[in-house]
Amino acid sequence: MRSLLLVFVVLVLLFSVPPVRSGQNIYIRRLLNTCWRMKGVCRPTCKKNEIFHIFCGLHQLCCIDASSMPVLTGK
């Protein structure tokens, strides 16, 4: 009888917990998707107001706002 009560309590506790989303939260995802000194964002294509600077891996571009672009020096 005690074991049946214990099993019942465990089952109630297991099924009363709301489901939890797995994976990265938005803050970790934003940190991992940044590039070039955390000023750019890795995307397949850049938006209209962004400029391509370097590659992020093989298939994504590091898109940076024009005001954050590095100053080009030399010839």
# chains A, B, ... in the order shown; residues from 1 in each chain; ligands from 1
>>> residues_around(residues="Ser67 (chain A)", least_positions_apart="2", cutoff="12 Å", atoms="only C-alpha atoms", output="PyMOL selection string")
chain A and resi 39-40+49-51+63-65+69-71
>>> write_last_selection(atoms="N, CA and C atoms", output="CSV table (one decimal), in the first residue's frame")
chain,number,residue,atom,x,y,z
A,39,LYS,N,30.4,43.4,-33.0
A,39,LYS,CA,29.7,44.6,-33.6
A,39,LYS,C,28.9,44.1,-34.8
A,40,GLY,N,29.1,42.9,-35.3
A,40,GLY,CA,28.4,42.3,-36.4
A,40,GLY,C,27.5,41.2,-36.1
A,49,ASN,N,20.8,48.2,-44.8
A,49,ASN,CA,21.7,49.2,-44.1
A,49,ASN,C,23.0,48.6,-43.5
A,50,GLU,N,23.3,47.3,-43.9
A,50,GLU,CA,24.5,46.7,-43.4
A,50,GLU,C,25.5,46.4,-44.5
A,51,ILE,N,26.7,46.2,-44.1
A,51,ILE,CA,27.8,46.0,-45.1
A,51,ILE,C,28.5,44.7,-44.7
A,63,CYS,N,27.7,40.7,-41.1
A,63,CYS,CA,27.1,41.9,-41.5
A,63,CYS,C,27.2,43.0,-40.4
A,64,ILE,N,27.8,44.1,-40.8
A,64,ILE,CA,28.1,45.2,-39.8
A,64,ILE,C,27.5,46.5,-40.3
A,65,ASP,N,27.0,47.3,-39.3
A,65,ASP,CA,26.4,48.6,-39.6
A,65,ASP,C,27.5,49.5,-40.2
A,69,MET,N,32.0,50.1,-39.1
A,69,MET,CA,33.1,49.6,-40.0
A,69,MET,C,34.4,50.1,-39.6
A,70,PRO,N,35.5,49.3,-39.6
A,70,PRO,CA,36.8,49.8,-39.3
A,70,PRO,C,37.3,50.8,-40.3
A,71,VAL,N,38.2,51.7,-39.9
A,71,VAL,CA,38.7,52.7,-40.7
A,71,VAL,C,39.9,52.1,-41.5
>>> residues_around(residues="Cys42 (chain A)", least_positions_apart="2", cutoff="8 Å", atoms="only C-alpha atoms", output="VMD selection string")
chain A and resid 33 to 35 40 44 56 60 to 63
>>> write_last_selection(atoms="N, CA and C atoms", output="compact mmCIF listing (two decimals), in the first residue's frame")
# COMPACT_ATOMS: atom_id res chain seq x y z
N ASN A 33 26.06 34.38 -32.05
CA ASN A 33 25.84 34.78 -33.44
C ASN A 33 26.54 36.08 -33.79
N THR A 34 27.34 36.63 -32.89
CA THR A 34 28.02 37.87 -33.19
C THR A 34 29.36 37.61 -33.83
N CYS A 35 29.88 38.61 -34.53
CA CYS A 35 31.17 38.49 -35.17
C CYS A 35 31.85 39.86 -35.16
N GLY A 40 29.14 42.89 -35.29
CA GLY A 40 28.43 42.35 -36.44
C GLY A 40 27.55 41.18 -36.07
N PRO A 44 22.89 34.79 -43.42
CA PRO A 44 23.10 34.32 -44.80
C PRO A 44 23.20 35.49 -45.79
N CYS A 56 31.55 34.35 -41.70
CA CYS A 56 31.30 33.60 -40.46
C CYS A 56 31.16 32.14 -40.88
N GLN A 60 27.92 31.86 -44.09
CA GLN A 60 27.29 33.06 -43.56
C GLN A 60 28.24 34.24 -43.66
N LEU A 61 27.65 35.44 -43.72
CA LEU A 61 28.41 36.67 -43.82
C LEU A 61 28.36 37.42 -42.49
N CYS A 62 29.42 38.14 -42.18
CA CYS A 62 29.43 39.00 -41.00
C CYS A 62 28.92 40.37 -41.45
N CYS A 63 27.70 40.70 -41.09
CA CYS A 63 27.07 41.94 -41.52
C CYS A 63 27.23 42.99 -40.42
>>> select_by_dssp(residues="chain A", states="helix (DSSP H, G or I)", output="list in words")
Arg2, Ser3, Leu4, Leu5, Leu6, Val7, Phe8, Val9, Val10, Leu11, Val12, Leu13, Leu14, Phe15, Ser16, Ile26, Tyr27, Ile28, Arg29, Arg30, Leu31, Leu32, Ala66, Ser67 and Ser68 of chain A
>>> atom_distance(atom1="CA of Cys46 (chain A)", atom2="CA of Ala66 (chain A)")
11.7 Å
>>> select_by_dssp(residues="chain A", states="strand (DSSP E)", output="list in words")
Thr34, Cys35, Gly40, Val41, Cys42, Arg43, Glu50, Ile51, Phe52, His53, Ile54, Phe55, Cys56, Gln60, Leu61, Cys62, Cys63, Ile64 and Asp65 of chain A
>>> atom_distance(atom1="CA of Ile54 (chain A)", atom2="CA of Arg37 (chain A)")
11.7 Å
>>> closest_residue(among="A:Trp36, A:Val9, A:Ser68, A:Thr73", to="Phe55 (chain A)", atoms="only C-alpha atoms")
A:Trp36
>>> atom_distance(atom1="CA of Leu72 (chain A)", atom2="CA of Lys47 (chain A)")
22.1 Å
>>> decode(residues="chain A", atoms="C-alpha atoms", output="short mmCIF file (atom, residue, chain, number, x, y, z; two decimals), in the first residue's frame")
data_model
loop_
_atom_site.label_atom_id
_atom_site.label_comp_id
_atom_site.auth_asym_id
_atom_site.auth_seq_id
_atom_site.Cartn_x
_atom_site.Cartn_y
_atom_site.Cartn_z
CA MET A 1 0.00 0.00 0.00
CA ARG A 2 2.86 2.39 0.82
CA SER A 3 4.64 1.67 -2.43
CA LEU A 4 1.45 2.33 -4.37
CA LEU A 5 1.07 5.69 -2.62
CA LEU A 6 4.71 6.53 -3.35
CA VAL A 7 4.29 5.68 -7.04
CA PHE A 8 1.16 7.82 -7.18
CA VAL A 9 2.93 10.81 -5.60
CA VAL A 10 5.89 10.49 -7.99
CA LEU A 11 3.60 10.31 -11.01
CA VAL A 12 1.65 13.36 -9.89
CA LEU A 13 4.86 15.33 -9.40
CA LEU A 14 6.25 14.28 -12.78
CA PHE A 15 3.17 15.24 -14.75
CA SER A 16 2.41 18.48 -12.89
CA VAL A 17 5.72 20.14 -13.88
CA PRO A 18 5.32 22.37 -16.94
CA PRO A 19 7.42 21.50 -19.99
CA VAL A 20 10.75 23.29 -20.32
CA ARG A 21 12.10 24.53 -23.66
CA SER A 22 15.44 23.03 -24.45
CA GLY A 23 18.23 24.80 -26.28
CA GLN A 24 19.94 28.13 -25.95
CA ASN A 25 18.17 31.13 -24.54
CA ILE A 26 18.08 34.41 -26.47
CA TYR A 27 21.07 35.98 -24.68
CA ILE A 28 23.43 33.06 -25.36
CA ARG A 29 22.22 32.83 -28.97
CA ARG A 30 22.85 36.56 -29.49
CA LEU A 31 26.37 36.23 -28.08
CA LEU A 32 27.22 33.20 -30.24
CA ASN A 33 25.84 34.78 -33.44
CA THR A 34 28.02 37.87 -33.19
CA CYS A 35 31.17 38.49 -35.17
CA TRP A 36 33.93 41.08 -35.57
CA ARG A 37 34.37 42.30 -32.00
CA MET A 38 30.70 41.69 -31.25
CA LYS A 39 29.68 44.55 -33.60
CA GLY A 40 28.43 42.35 -36.44
CA VAL A 41 25.84 39.63 -36.86
CA CYS A 42 26.28 36.36 -38.78
CA ARG A 43 23.55 36.03 -41.43
CA PRO A 44 23.10 34.32 -44.80
CA THR A 45 22.48 37.74 -46.43
CA CYS A 46 22.99 41.27 -45.10
CA LYS A 47 20.16 43.77 -44.66
CA LYS A 48 19.96 46.99 -46.69
CA ASN A 49 21.69 49.17 -44.11
CA GLU A 50 24.48 46.65 -43.37
CA ILE A 51 27.81 46.00 -45.09
CA PHE A 52 29.51 42.62 -45.55
CA HIS A 53 32.93 42.57 -43.83
CA ILE A 54 34.20 39.01 -43.28
CA PHE A 55 32.87 35.44 -43.40
CA CYS A 56 31.30 33.60 -40.46
CA GLY A 57 32.15 30.00 -41.16
CA LEU A 58 31.47 28.77 -44.69
CA HIS A 59 27.95 29.90 -45.56
CA GLN A 60 27.29 33.06 -43.56
CA LEU A 61 28.41 36.67 -43.82
CA CYS A 62 29.43 39.00 -41.00
CA CYS A 63 27.07 41.94 -41.52
CA ILE A 64 28.13 45.19 -39.84
CA ASP A 65 26.43 48.57 -39.60
CA ALA A 66 28.20 51.16 -41.76
CA SER A 67 29.06 53.32 -38.74
CA SER A 68 30.83 50.40 -37.02
CA MET A 69 33.08 49.56 -39.97
CA PRO A 70 36.82 49.80 -39.30
CA VAL A 71 38.74 52.74 -40.74
CA LEU A 72 40.82 51.65 -43.70
CA THR A 73 44.42 52.87 -43.58
CA GLY A 74 47.28 52.50 -45.99
CA LYS A 75 47.28 52.08 -49.72
#
